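Report on one structure; see the data block that follows.
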Amino acid sequence: MDDLPGKIKLSDMHSLISRNHGANQFRSSLLVFVLLAVFFCMRGTVRAEWKLVWSDEFDGNSINTNNWQFDTGNGNGGWGNRELEYYTSRPENAFVSDGMLHIVARRESYEGFHFTSAKMKSVHHFSKTFGRFEFRAKLPFGQGYWPALWMMPEKSVYGGWPASGEIDVTENRGSNATTVLGTIHFGGPGHHDQSHGPSFKFTGGDSVTNFHVYAVEWTTNAIQWSVDNHVYETQTSWWSSSDRTNTAIRNPYPAPFDQPFYVIMNLAIGGQFGGNPNATTVFPGEMQVDYVRAYDWVAESKAAETVSKSQ
C-alpha cells in the first residue's frame with residue numbers, strides 16, 4: 001500500500017496494538033479502532049476545491065490592458081441611471097500603485113460635466129460561466145458615491161438587458177458605509193425583474209471603508225453572495241424571455257445565467273441608486289481594489305486503495 005500523507009498505515013496500527021499491554025491495552029485498542037474507522041471512511045473519497053483560473057493582483061505599475069478596457073463618457077442618460085460622472089481612461093481617474101488599483105472620483109469640469117471617474121471591464125479579455133468571483137476592495141464614504149463590482153454577459157444571446165442577465169457582486173450607497181447589496185437582474189423585453197436581498201450589514205464599527213473580500217459563487221442552479229466568506233444571500237429562482245410579444249415564453253432554466261459573463265469595476269457619482277452628492281461629500285474619493293480573482297470548482301477523486309494481506 002502506498003503511504004498516505006497524514007494517515008496511519010495498517011502496519012503501523014498493528015505495531016501500536018502489539019506494544020500495548022495490560023491497563024493500556026483497552027485504550028490503545030480503542031484508539032486503533034477510531035483510526036481504522038477514519039482510514040476506511042477516507043478511502044475513495046472525493047475532494048473538491050476552488051482552482052484559480054484568472055486574476056489581476058495589480059502588482060505592477062500600470063493597468064494591464066490585456067485584462068481591462070475602459071468605458072468612457074456618460075453613456076445614454078447617465079448610463080441609464082442618471083449618473084453625473086464622465087468616465088475617463090486618464091491616470092487621474094484610474095491607476096495602479098502600491099499593489100492596488102485606484103479608481104478615483106473627482107469634482108472637476110471635464111467635457112461639460114462636473115465630475116469624473118473610471119469604469120473598467122474585462123469584456124473581450126476574460127469571461128467565464130460559473131465559478132467563484134471575488135474582489136478584495138475598500139470603498140469610499142460619502143453621499144452620492146456609488147461603487148460597484150459586477151458582471152455582464154459577454155454576448156447577449158437572449159437579447160438586450162435584462163433578458164441576458166446581470167450579476168451585481170456588490171454595490172454600496174456611499175451615504176451608508178455599513179451596508180452592501182448583491183443582486184441579479186433578469187427578465188424579458190420590457191419586463192425587468194430582480195432579486196431583493198437580503199443585504200449584508202457590517203457591525204462592531206466595521207464598514208466598507210476597510211478592506212473586505214466580496215464574492216459570488218455561481219453554479220448551474222444557485223448564486224450565493226458572501227463578505228469575508230460569510231454567506232448572506234442565496235438566489236435560485238430567475239427567468240429569461242426573448243419573446244417581445246409574450247414574455248411567458250421562457251428560455252430554458254438556468255437562462256440567462258448559463259453564459260459567459262465578464263467583470264466590471266466602477267465608481268459612479270450620483271444617479272437613481274443613492275442620490276447625488278451634497279455639501280458634505282468629500283472629493284476626491286477612491287475605490288481601491290487589492291485583487292480580482294476567478295476560480296473553477298474542481299473535484300479530485302482518489303481511487304479506493306486495495307489492501308492485500310500477506311499469507
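Every chain in the C-alpha cells takes a letter, A first, then B, and so on in the order presented; its residues are numbered from 1, and the ligands are numbered from 1 following the presented order.
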Segment 36-268 of chain A: residues DSSP assigns to strand (DSSP E or B), reported as an MDAnalysis selection string: chainID A and resid 46:56 69:71 73 85:87 94:97 100:110 113:117 119:121 128 131:138 145:153 166:171 179:188 191:194 200:201 212:218 223:227 230:235 240 261:268
Spatial neighbours of segment 59-71 of chain A, 8 Å, only C-alpha atoms, chain gap at least 5 places, as a list in words: Tyr87, Thr88, Ser89, Phe95, Val96, Ser97, Asp98, Gly99, Met100, Leu101, Ala118, Lys119, Met120, Lys121, Ser122, Val123, His125 and Phe126 of chain A
May I have a table of the residues of segment 161-214 of chain A lying at most 8 Å from segment 226-236 of chain A, giving each one's closest pair of atoms and their distance in Å to one decimal, counting only C-alpha atoms, ordered by chain and ascending residue number, as a tab-separated table?
```
residue	atom	partner	partner_atom	distance
A:Gly182	CA	A:Glu233	CA	7.7
A:Ser195	CA	A:Gln235	CA	7.4
A:Gly197	CA	A:Glu233	CA	6.6
A:Pro198	CA	A:Glu233	CA	6.0
A:Ser199	CA	A:Tyr232	CA	7.2
A:Phe200	CA	A:Tyr232	CA	6.3
A:His212	CA	A:Asp228	CA	6.0
A:Val213	CA	A:Asp228	CA	4.8
A:Tyr214	CA	A:Val227	CA	4.8
```
Of the listed residues A:Gly73, A:Gly78, A:Pro256, A:Gly160, that which approaches Asn221 of chain A most closely, counting only C-alpha atoms: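 Once distances to Asn221 of chain A are computed over only C-alpha atoms, the minimum belongs to A:Pro256.
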Contacts of Met151 of chain A at 8 Å (only C-alpha atoms; same-chain gap of 3+ positions) as a PyMOL selection string: chain A and resi 166-169+261-264
Counting only C-alpha atoms, the residue of A:Gly159, A:Gly174, A:Gly131, A:Gly142 that sits nearest Pro260 of chain A: A:Gly131
DSSP alpha helix (DSSP H) residues within segment 32-147 of chain A, listed as a ChimeraX atom specification: /A:32-42
Convert the current residue selection to file output with N, CA and C atoms, as a PDB file, in the first residue's frame.
```pdb
ATOM      1  N   VAL A  32      -6.923   2.575  18.109  1.00  0.00           N
ATOM      2  CA  VAL A  32      -6.728   1.950  16.807  1.00  0.00           C
ATOM      3  C   VAL A  32      -8.057   1.772  16.092  1.00  0.00           C
ATOM      4  N   PHE A  33      -9.101   1.440  16.850  1.00  0.00           N
ATOM      5  CA  PHE A  33     -10.422   1.294  16.237  1.00  0.00           C
ATOM      6  C   PHE A  33     -10.858   2.600  15.581  1.00  0.00           C
ATOM      7  N   VAL A  34     -10.649   3.711  16.279  1.00  0.00           N
ATOM      8  CA  VAL A  34     -11.029   5.015  15.729  1.00  0.00           C
ATOM      9  C   VAL A  34     -10.215   5.337  14.487  1.00  0.00           C
ATOM     10  N   LEU A  35      -8.892   5.062  14.565  1.00  0.00           N
ATOM     11  CA  LEU A  35      -8.037   5.336  13.411  1.00  0.00           C
ATOM     12  C   LEU A  35      -8.431   4.480  12.209  1.00  0.00           C
ATOM     13  N   LEU A  36      -8.773   3.223  12.469  1.00  0.00           N
ATOM     14  CA  LEU A  36      -9.221   2.364  11.370  1.00  0.00           C
ATOM     15  C   LEU A  36     -10.505   2.896  10.747  1.00  0.00           C
ATOM     16  N   ALA A  37     -11.428   3.348  11.586  1.00  0.00           N
ATOM     17  CA  ALA A  37     -12.698   3.882  11.058  1.00  0.00           C
ATOM     18  C   ALA A  37     -12.445   5.089  10.174  1.00  0.00           C
ATOM     19  N   VAL A  38     -11.557   5.994  10.627  1.00  0.00           N
ATOM     20  CA  VAL A  38     -11.229   7.178   9.831  1.00  0.00           C
ATOM     21  C   VAL A  38     -10.566   6.780   8.528  1.00  0.00           C
ATOM     22  N   PHE A  39      -9.650   5.819   8.635  1.00  0.00           N
ATOM     23  CA  PHE A  39      -8.912   5.369   7.441  1.00  0.00           C
ATOM     24  C   PHE A  39      -9.854   4.848   6.365  1.00  0.00           C
ATOM     25  N   PHE A  40     -10.768   3.945   6.750  1.00  0.00           N
ATOM     26  CA  PHE A  40     -11.646   3.347   5.758  1.00  0.00           C
ATOM     27  C   PHE A  40     -12.704   4.321   5.264  1.00  0.00           C
ATOM     28  N   CYS A  41     -13.073   5.289   6.106  1.00  0.00           N
ATOM     29  CA  CYS A  41     -14.025   6.305   5.637  1.00  0.00           C
ATOM     30  C   CYS A  41     -13.413   7.194   4.574  1.00  0.00           C
ATOM     31  N   MET A  42     -12.089   7.412   4.687  1.00  0.00           N
ATOM     32  CA  MET A  42     -11.425   8.317   3.757  1.00  0.00           C
ATOM     33  C   MET A  42     -11.040   7.641   2.451  1.00  0.00           C
TER      34      MET A  42
END
```
Among the residues A:Asn81, A:Gly187, A:Gly75, A:Asn210, the one that comes closest to Asn246 of chain A [using only C-alpha atoms]: A:Gly187
Nearest to Asp56 of chain A by atom-to-atom distance, counting only C-alpha atoms, from A:Thr220, A:Tyr291, A:Trp297, A:Arg173: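 Once distances to Asp56 of chain A are computed over only C-alpha atoms, the minimum belongs to A:Tyr291.
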d(atom CA of Thr281 of chain A, atom CA of Arg107 of chain A) in Å: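 Spanning atom CA of Thr281 of chain A to atom CA of Arg107 of chain A is a straight-line distance of 10.1 Å.
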Selection near Asn74 of chain A, 8 Å with only C-alpha atoms, sequence-local residues under 3 positions removed, as a list in words: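 Close residues of Asn74 of chain A: Gly77, Gly78, Trp79, Glu83, Leu84, Glu85, Tyr86 and Tyr87 of chain A.
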Shell around Gln259 of chain A at 10 Å using only C-alpha atoms, local window under 4 positions removed, as a PyMOL selection string: chain A and resi 127-130+152-158+164-165+254-255
Counting only C-alpha atoms, the residue of A:Gly80, A:Gly190, A:Gly274, A:Gly204 that sits nearest Thr178 of chain A: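 Of the candidates, the smallest distance to Thr178 of chain A is held by A:Gly204.
Across the structure, atom CA of Val282 of chain A and atom CA of Lys138 of chain A are spaced 16.3 Å apart.
With atom CA of Pro147 of chain A on one side and atom CA of Val208 of chain A on the other, the separation reads 10.3 Å.
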Shell around segment 48-50 of chain A at 8 Å using only C-alpha atoms, local window under 5 positions removed, as an MDAnalysis selection string: chainID A and resid 132 295:300
Resulting file, chosen residues, C-alpha atoms, as a short mmCIF file (atom, residue, chain, number, x, y, z; two decimals), in the first residue's frame:
```cif
data_model
loop_
_atom_site.label_atom_id
_atom_site.label_comp_id
_atom_site.auth_asym_id
_atom_site.auth_seq_id
_atom_site.Cartn_x
_atom_site.Cartn_y
_atom_site.Cartn_z
CA ARG A 132 -16.26 31.83 -7.76
CA TYR A 295 -11.98 30.19 -9.72
CA ASP A 296 -13.34 26.90 -11.03
CA TRP A 297 -14.76 24.23 -8.74
CA VAL A 298 -12.56 21.16 -9.23
CA ALA A 299 -13.33 17.69 -7.84
CA GLU A 300 -10.44 15.30 -7.40
#
```
